[in-house]
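Here's the structure, in C-alpha cells; my notes come after.
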Amino acid sequence: MKLLLPWALLLLAAAPGPGPGPAAGAQDSCSQRCGDLGGLCSCHPSCFGLGNCCSDLRDFCLEIKPYSGSMMGGKDFVVQHLQWASPTANVICRFKESVQTLGHVDASGRVHCVSPLLYETGRIPFTLSMDNGQSFPRSGTWLAVHPSKVSDTEKSQLVNETRWQYYGTTGTGGNLSVTWNASALPTSSVTIELWGYEETGKPYSGEWMAKWSYLYSLATNIPNSGFFTFIPKPAPPNYQRWEVGALRIISSKHYAGEKDVRALWSNEHALAWHLGDDFRADPVAWARARCLAWAELEDQLPNFLKELPDCPCTLAQARADSGRFHTDYGCDIEHGSVCTYHPGAVHCVRSVQASPQYGSGQQCCYTAEGTQLLTADSTSGSTPDRGHDWGAPPFRAPPRVPGLSHWLYDVISFYHCCLWAPECSRYMSRRPSSDCRSYRPPRLASAFGDPHFVTFDGANFTFNGRGEYVLLESALTNLRVQARALPRTTPEGTQDQGTGLTAVAVQEDNSDVVEVRLASGTGILQVLLNKEELSFAEQTWLDLKGMFLSVAAGDSVSIMLSSGAGLEVSVQGPFLNVAILLPEKFLTHTQGLLGTLNDNLADDFTLRNGQVLPPTASSRELFRFGADWAVENASSLLTYDSPFLVNNFLYRPKHDPTFQPLFPEETTPSPSQATEAAKLCGDNHFCSFDVLATGSLSVANATREAYQLHQRRVQNLKPEVSCGWLAPPTNGQKDGIKYLAGSTVYFHCNNGYSLDGAEVSLCQADGTWSRPTPTCQPGRSHTVLLSIIFGGLAVVALVVLVYVLLRRRKSNTAIWTSQP
C-alpha cells in the first residue's frame, strides 16, 4: 500500500553494502539513528515518501520477514535487503538489550535470526551484531504474539487435544498423537520435548518468578515425518509438580533442552497425560485434593474482584462497548460460538485492560437472547480471572505473563475442581460472576460523511472545513484525537464543495501514536504507528504502548486505550467514519469538535477561549466554531510523509481560510436533487445535505448508513436497570435467569416443603425486586395437601354413596315383603 517515488527507490538502491561504515550516530548515516528525523538525512520511514532517506537506511534500519511469531520463540526470520558477503558464525541477535540468540548467514548471503522464548507480547526491539557481539549498530522490531493468536500452521497440533487433557481419567487412555508441518523445520530428524511452566515464590512479592523448564524428551532423533504417536507413561516423581506445559519439536542436531533454537511449540495445556500413578489410580480423589488445596490458597490471596469492571448487562452492550471489552476468542459468535467452558453461551467478552494492581481480568458470557450468564445460576456463567488471559504490562512477572499466568491461576484449577472432580461449587464461589448493577455504558460521539458530527451529548452539526482539527481533547488522561478533512475528488477530476475525514490520529498520555488514514486514491485503510506504516499481513491484533489495536477485514480498525476509551475507524464511502467511546469518568473533561461531555447540549459548541455558541447557531457560525479547533503545529499527531502533505499542512495554516463550502440554510436544492434526496434519505438531513454538496447518491447513501450505524450503537448502549441476582429459596428452586427491569422470577419448593411467601418477583424500574426470595418450610407440600384433601373428599363421597345405596335397598326389601 505504500507508494514509493521512483527517485526514492533509486536513492535506496544506491545504499552501500556491509563493511566498514560511517561512525555510529553520524548525521549522514543511520547507524544507531533509526527513527531519527533530523540530521543531514532522515532515518525515519516517512523519508520514503519525502525522498530524504540516508543512503544506508536499509542497511541499518532493519525490515524482517516474517515480522511476528509466538512469544514462545523458535521462529526463524530473515533480515530483508541486507546481504552479507560470506557465511559467518558471528551473527548475534539481541532482544530488549538482554536476551541473545545466535543467528547465521545462509548460502545466499541472507542474514537470519531466531526469536527467543519471551514472557511478554508486543513489539520487541532487537539489535543485530555481525562481529560476534562487539557492536550492535543495526536495529529492528520483532512482534511477539500471544500463543493462542498464532496460526495453527506455525504450531505442532495435539490430535484431539481434549484426550491429552483428560488422559488417565475414566474412559480416556490409549495412544496420543501429535502432528506438525515438517517443512517448517528444515531437518531430517527431530526431538520431541516436554516443557513445563511454573510460577515460584511468594505471590505478589518481588520474588514471584515465571519460568519455563525443559523436563524430558518423548522421542529423540526420529524422522521428521510430521507425525508421532506414543502411549504416555507416568512421569518420574521429580517432574510431577508441573501440571501445565507444552511440547517443543526441534532439530536433533541440537542438544535436548537447548534454548532459543528454531522450534515448533504446541498449545499450552493441562498435563494429565504426564501425571503419576496416583492420578491414574484415582483421578477424582487426586483432583479433589488439588482443588481443596487451591481453594485454601485462594482464600489467602488478595481479593482481586473488587477492582474489576462490572460486566455489561446485555450482549448488545458488551459488543458495542469496544473500548473496554473485546471478544473472548474461546467463545465467539462470529466463529460459530464454540464455547467449550461455557456451554449455553453464544458469546463471551473479556475486559481489554487488566486491573491496575493485580493484573486481573473480567469475563462476561451471554446467551443467544442476550442475557448474561452468572456462575450463581450455572457453571456456564462468566468467570473473572486472577491472571488476565492477555497479560498486562510490564508483563514478564506473575501474574502478568500473557496466557500462562491465566492457565496457572484460573484454568488448571478449573480442571481440578470442575473437569476432573465434582467440586465445581468451590471454584465458582471463588470466581463469582459480576452482575451489571454498577455498569455504566460509555458515551458515544461520531464523525462521518461530509463531515457531520454527533457530539457526546447528542448535538449534531455539519462542518465542511479543509484542514486538520481537534476532535477531542481531555486533560483527564491527556487524550488527544485529531483528524484531517479534505475535499472529495470526483470521477471527473473536480473537487466537491464539501470535505470529509481522510485521517484520524490518537494518543493518550505517553502512549504510542496511532494514525488511521485512507491511502491516496485507493479507499484502502492505512494504519501508522508513530508515523510508520503497519502491516497486518500476519497479525490483526497488536499490543502497543498504552493501547491495543485490532483490525477487522481490512476496512475497520479498533483502538482500545488504557483509560477505557475506544475508537472505531472504518471506511464509509469515500471518507472515514469515526466513532469514539468514552467511559463515564470523562464527564466534564472533554473539549473539541465533539463537544463538552456533561449531558448538556447547550455548551457543546464551546470555542477555545470559552465562548459558547448557542445550539441554534447557524452553519456559518458553526464553521467559525470548527475553524477555531484547528490543530496547532506544535501539537500535531498527524503524519506528513509526502510533498502534498508537507506543502498543504505542515508549512501552511492547519485550517484553510480560502476554502468556502456550502452552507445548508443558504442553499436551495434543484427539484431533481430534492426528489432524489427525499427518495434516498427520508428525514435524514445529513444524507440530504450530501446529495446537495456532492451530487453523488453513493456518497449520500454512505452518510445515511453511517448515521444509522451511530443510531444503532446509541440504542445498543442504552442504560439498563438491573435488580441483581435473586437467590432461589433453600430447599427449593427458581425459574428465570434474567434480572433486568421487567423480568420475572418464579419460585417453587421441593417435595416435602411448602412455600412461605410470594411465588413470583418482578424486577422493578427502580432496580429493586417486588418481592424477596420466599422460604420453603418443612411440612406437607401443596401437592401432598391437595392429594390428602381430594383423597378425603373421595372417601367421604364413597361412604355417602354406599349409605344411599344401602338405604335404597332396604326400602325396596320392605315393599317386597308386604306383597301377597
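Ligands are numbered from 1 in the order shown, chains are lettered A, B, ... in the order of the C-alpha cells, and residues start at 1 in each chain.
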Mind checking which residues fall within 12 Å of A:Arg620, counting only C-alpha atoms, ignoring those fewer than 2 positions away in the same chain, and posting them as an mmCIF file with N, CA, C and O atoms, in the first residue's frame?
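Listing of out_23.cif after writing:
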data_model
loop_
_atom_site.group_PDB
_atom_site.id
_atom_site.type_symbol
_atom_site.label_atom_id
_atom_site.label_comp_id
_atom_site.auth_asym_id
_atom_site.auth_seq_id
_atom_site.Cartn_x
_atom_site.Cartn_y
_atom_site.Cartn_z
ATOM 1 N N PHE A 461 -24.227 18.513 13.911
ATOM 2 C CA PHE A 461 -23.966 19.650 13.036
ATOM 3 C C PHE A 461 -23.061 19.199 11.903
ATOM 4 O O PHE A 461 -22.486 18.099 11.924
ATOM 5 N N THR A 462 -22.922 20.077 10.918
ATOM 6 C CA THR A 462 -22.044 19.832 9.773
ATOM 7 C C THR A 462 -20.975 20.918 9.739
ATOM 8 O O THR A 462 -21.273 22.101 9.905
ATOM 9 N N PHE A 463 -19.727 20.482 9.542
ATOM 10 C CA PHE A 463 -18.611 21.427 9.446
ATOM 11 C C PHE A 463 -17.738 21.004 8.271
ATOM 12 O O PHE A 463 -17.046 19.988 8.336
ATOM 13 N N ASN A 464 -17.762 21.785 7.208
ATOM 14 C CA ASN A 464 -17.042 21.441 5.983
ATOM 15 C C ASN A 464 -15.711 22.161 5.874
ATOM 16 O O ASN A 464 -15.413 22.791 4.864
ATOM 17 N N GLY A 465 -14.899 22.092 6.910
ATOM 18 C CA GLY A 465 -13.590 22.722 6.830
ATOM 19 C C GLY A 465 -12.605 21.875 6.045
ATOM 20 O O GLY A 465 -12.733 20.655 5.954
ATOM 21 N N LEU A 613 -21.228 29.039 21.688
ATOM 22 C CA LEU A 613 -22.249 29.329 20.678
ATOM 23 C C LEU A 613 -23.528 28.589 21.033
ATOM 24 O O LEU A 613 -23.471 27.461 21.527
ATOM 25 N N THR A 616 -28.652 26.805 18.562
ATOM 26 C CA THR A 616 -29.344 27.256 17.350
ATOM 27 C C THR A 616 -28.418 27.995 16.393
ATOM 28 O O THR A 616 -28.892 28.611 15.425
ATOM 29 N N ALA A 617 -27.109 27.934 16.631
ATOM 30 C CA ALA A 617 -26.149 28.666 15.793
ATOM 31 C C ALA A 617 -26.288 28.244 14.339
ATOM 32 O O ALA A 617 -26.551 27.084 14.024
ATOM 33 N N SER A 618 -26.100 29.202 13.434
ATOM 34 C CA SER A 618 -26.191 28.913 12.001
ATOM 35 C C SER A 618 -24.969 28.120 11.552
ATOM 36 O O SER A 618 -23.962 28.035 12.257
ATOM 37 N N LEU A 622 -21.168 27.952 13.006
ATOM 38 C CA LEU A 622 -20.539 26.677 13.355
ATOM 39 C C LEU A 622 -19.256 26.453 12.565
ATOM 40 O O LEU A 622 -18.347 25.752 13.023
ATOM 41 N N PHE A 623 -19.199 27.054 11.379
ATOM 42 C CA PHE A 623 -17.952 26.986 10.609
ATOM 43 C C PHE A 623 -16.851 27.720 11.372
ATOM 44 O O PHE A 623 -15.699 27.261 11.414
ATOM 45 N N ARG A 624 -17.181 28.820 12.001
ATOM 46 C CA ARG A 624 -16.210 29.533 12.837
ATOM 47 C C ARG A 624 -15.808 28.687 14.044
ATOM 48 O O ARG A 624 -14.628 28.654 14.432
ATOM 49 N N PHE A 625 -16.779 27.989 14.636
ATOM 50 C CA PHE A 625 -16.502 27.082 15.758
ATOM 51 C C PHE A 625 -15.521 25.990 15.329
ATOM 52 O O PHE A 625 -14.528 25.714 16.016
ATOM 53 N N GLY A 626 -15.766 25.385 14.181
ATOM 54 C CA GLY A 626 -14.878 24.326 13.703
ATOM 55 C C GLY A 626 -13.491 24.833 13.416
ATOM 56 O O GLY A 626 -12.484 24.200 13.797
ATOM 57 N N ALA A 627 -13.399 25.996 12.745
ATOM 58 C CA ALA A 627 -12.091 26.549 12.406
ATOM 59 C C ALA A 627 -11.295 26.874 13.652
ATOM 60 O O ALA A 627 -10.054 26.792 13.654
ATOM 61 N N GLN A 660 -14.204 27.661 0.708
ATOM 62 C CA GLN A 660 -15.566 28.075 1.031
ATOM 63 C C GLN A 660 -16.546 26.944 0.711
ATOM 64 O O GLN A 660 -16.784 26.630 -0.452
ATOM 65 N N PRO A 661 -17.117 26.310 1.738
ATOM 66 C CA PRO A 661 -18.049 25.203 1.494
ATOM 67 C C PRO A 661 -19.463 25.714 1.276
ATOM 68 O O PRO A 661 -19.735 26.927 1.326
ATOM 69 N N LEU A 662 -20.365 24.803 1.048
ATOM 70 C CA LEU A 662 -21.793 25.120 1.031
ATOM 71 C C LEU A 662 -22.307 25.227 2.467
ATOM 72 O O LEU A 662 -21.852 24.509 3.350
ATOM 73 N N PHE A 663 -23.262 26.140 2.661
ATOM 74 C CA PHE A 663 -23.941 26.230 3.951
ATOM 75 C C PHE A 663 -25.400 25.853 3.738
ATOM 76 O O PHE A 663 -26.088 26.447 2.890
ATOM 77 N N PRO A 664 -25.890 24.846 4.471
ATOM 78 C CA PRO A 664 -27.209 24.275 4.180
ATOM 79 C C PRO A 664 -28.337 25.291 4.073
ATOM 80 O O PRO A 664 -29.126 25.269 3.127
ATOM 81 N N GLU A 665 -28.406 26.224 5.032
ATOM 82 C CA GLU A 665 -29.548 27.144 5.027
ATOM 83 C C GLU A 665 -29.428 28.223 3.964
ATOM 84 O O GLU A 665 -30.372 28.996 3.762
ATOM 85 N N GLU A 666 -28.264 28.288 3.296
ATOM 86 C CA GLU A 666 -28.083 29.285 2.255
ATOM 87 C C GLU A 666 -28.166 28.667 0.858
ATOM 88 O O GLU A 666 -27.873 29.337 -0.134
#
Closest atom pairs, residues of stretch 445-544 of chain A within 10 Å of stretch 41-52 of chain A, only C-alpha atoms, as JSON lines:
{"residue": "A:Asn530", "atom": "CA", "partner": "A:Pro45", "partner_atom": "CA", "distance": 9.8}
{"residue": "A:Lys531", "atom": "CA", "partner": "A:Ser46", "partner_atom": "CA", "distance": 6.8}
{"residue": "A:Glu532", "atom": "CA", "partner": "A:Pro45", "partner_atom": "CA", "distance": 5.7}
{"residue": "A:Glu533", "atom": "CA", "partner": "A:Pro45", "partner_atom": "CA", "distance": 8.1}
Print the selection's residues with C-alpha atoms to a file, as a compact mmCIF listing (two decimals), in the first residue's frame.
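Result saved to result-v4.txt:
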# COMPACT_ATOMS: atom_id res chain seq x y z
CA ASN A 530 4.47 6.52 15.33
CA LYS A 531 4.34 7.65 11.68
CA GLU A 532 5.45 4.27 10.31
CA GLU A 533 3.02 2.17 8.29
**OP:** Excluding A:Arg431 and any residue of its chain fewer than 6 positions from it, enumerate the residues within 9 Å of it, using only C-alpha atoms, and give them as a list in words.
**Re:** Leu305, Thr375, Ser382, Thr383, Pro384, Asp385, Arg386 and Asp410 of chain A
Output file for the residues above (all heavy atoms, as a short mmCIF file (atom, residue, chain, number, x, y, z; two decimals), in the first residue's frame):
data_model
loop_
_atom_site.label_atom_id
_atom_site.label_comp_id
_atom_site.auth_asym_id
_atom_site.auth_seq_id
_atom_site.Cartn_x
_atom_site.Cartn_y
_atom_site.Cartn_z
N LEU A 305 -11.26 -9.23 42.97
CA LEU A 305 -12.56 -8.97 42.34
C LEU A 305 -12.98 -7.51 42.49
O LEU A 305 -13.67 -6.96 41.63
CB LEU A 305 -13.63 -9.88 42.94
CG LEU A 305 -13.39 -11.38 42.77
CD1 LEU A 305 -14.41 -12.16 43.61
CD2 LEU A 305 -13.50 -11.77 41.31
N THR A 375 -22.41 -17.32 37.34
CA THR A 375 -21.98 -18.57 37.96
C THR A 375 -22.90 -18.97 39.12
O THR A 375 -22.97 -20.15 39.48
CB THR A 375 -20.55 -18.44 38.49
OG1 THR A 375 -20.45 -17.28 39.31
CG2 THR A 375 -19.56 -18.32 37.36
N SER A 382 -20.18 -16.50 33.61
CA SER A 382 -18.99 -15.69 33.38
C SER A 382 -18.05 -15.81 34.58
O SER A 382 -18.48 -15.61 35.71
CB SER A 382 -19.40 -14.23 33.19
OG SER A 382 -20.60 -14.11 32.46
N THR A 383 -16.79 -16.09 34.35
CA THR A 383 -15.84 -16.24 35.45
C THR A 383 -14.70 -15.24 35.32
O THR A 383 -14.01 -15.21 34.30
CB THR A 383 -15.25 -17.66 35.49
OG1 THR A 383 -14.77 -18.01 34.19
CG2 THR A 383 -16.30 -18.67 35.91
N PRO A 384 -14.49 -14.39 36.32
CA PRO A 384 -13.35 -13.48 36.29
C PRO A 384 -12.04 -14.24 36.46
O PRO A 384 -12.03 -15.41 36.87
CB PRO A 384 -13.61 -12.55 37.48
CG PRO A 384 -14.46 -13.37 38.40
CD PRO A 384 -15.29 -14.25 37.53
N ASP A 385 -10.93 -13.58 36.15
CA ASP A 385 -9.62 -14.25 36.13
C ASP A 385 -8.62 -13.54 37.02
O ASP A 385 -8.43 -12.33 36.89
CB ASP A 385 -9.07 -14.28 34.70
CG ASP A 385 -10.04 -14.95 33.72
OD1 ASP A 385 -10.59 -16.00 34.07
OD2 ASP A 385 -10.23 -14.41 32.62
N ARG A 386 -7.96 -14.31 37.89
CA ARG A 386 -6.89 -13.71 38.69
C ARG A 386 -5.75 -13.25 37.79
O ARG A 386 -5.10 -12.24 38.05
CB ARG A 386 -6.39 -14.71 39.74
CG ARG A 386 -5.30 -14.13 40.62
CD ARG A 386 -4.97 -15.03 41.80
NE ARG A 386 -6.04 -15.07 42.78
CZ ARG A 386 -6.28 -14.13 43.69
NH1 ARG A 386 -5.50 -13.05 43.75
NH2 ARG A 386 -7.27 -14.25 44.55
N ASP A 410 -6.29 -19.82 36.94
CA ASP A 410 -7.71 -19.85 36.60
C ASP A 410 -8.13 -21.09 35.82
O ASP A 410 -9.27 -21.54 35.96
CB ASP A 410 -8.08 -18.60 35.80
CG ASP A 410 -7.71 -17.32 36.51
OD1 ASP A 410 -8.26 -17.07 37.58
OD2 ASP A 410 -6.82 -16.59 36.00
#
Subject >> Shell of 12 Å around A:Ser156, only C-alpha atoms, local chain residues under 5 positions omitted, as a list in words >> reply: Pro147, Val150, Ser151, Glu161, Ser177, Val178, Thr179, Trp180, Asn181, Ala182, Ala184, Leu185, Ile192, Glu193, Gly226, Phe227, Phe228, Ala246, Leu247, Arg248, Ile249, Ile250, Ala263, Leu264, Trp265, Ser266, Asn267 and Glu268 of chain A
Original post:
Any idea what's packed within 10 Å of A:Phe605, counting only C-alpha atoms, ignoring anything in its chain fewer than 5 positions away? Could you give it as a list in words?
Top reply: Thr455, Ala459, Phe461, Gln591, Gly592, Leu593, Leu594, Gly595, Thr596, Gly610, Gln611, Val612, Leu613, Pro614, Pro615, Ala617, Glu621, Leu622, Phe625 and Gly626 of chain A
**OP:** Could you please determine the separation between atom CA of A:Ser68 and atom CA of A:Asn90 in Å, to one decimal place?
**Re:**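 Answer for the atom CA of A:Ser68 to atom CA of A:Asn90 separation: 23.7 Å.
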**OP:** Name the residues of stretch 307-453 of chain A that come out as alpha helix (DSSP H) in a backbone DSSP run; write them as a list in words.
**Re:** Leu315, Ala316, Gln317, Ala318, Arg319, Ala320, Leu404, Ser405, His406, Ile412, Ser413, Phe414, Cys424, Ser425, Arg426, Tyr427, Met428, Ser429 and Arg430 of chain A
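If you measure from each of A:Ser405, A:Ser183, A:Ser635, A:Ser550 to A:Tyr197 using only C-alpha atoms, the closest one turns out to be A:Ser405.
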Subject >> Selected residue of minimal separation from A:Val99 among A:Tyr119, A:Trp769, A:Trp84, A:Phe686, counting only C-alpha atoms >> reply: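 Under the stated criterion, the closest residue is A:Tyr119.
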**OP:** Could you give me the residues within stretch 139-302 of chain A that DSSP places in strand (DSSP E), as JSON, numbers by chain?
**Re:** {"A": [139, 140, 141, 142, 143, 144, 145, 157, 158, 176, 177, 178, 179, 189, 190, 191, 192, 193, 194, 195, 196, 197, 198, 199, 200, 209, 210, 211, 212, 213, 214, 215, 216, 217, 218, 219, 220, 221, 222, 223, 227, 228, 229, 230, 244, 245, 246, 247, 248, 249, 250, 251, 263, 264, 265, 269, 270]}
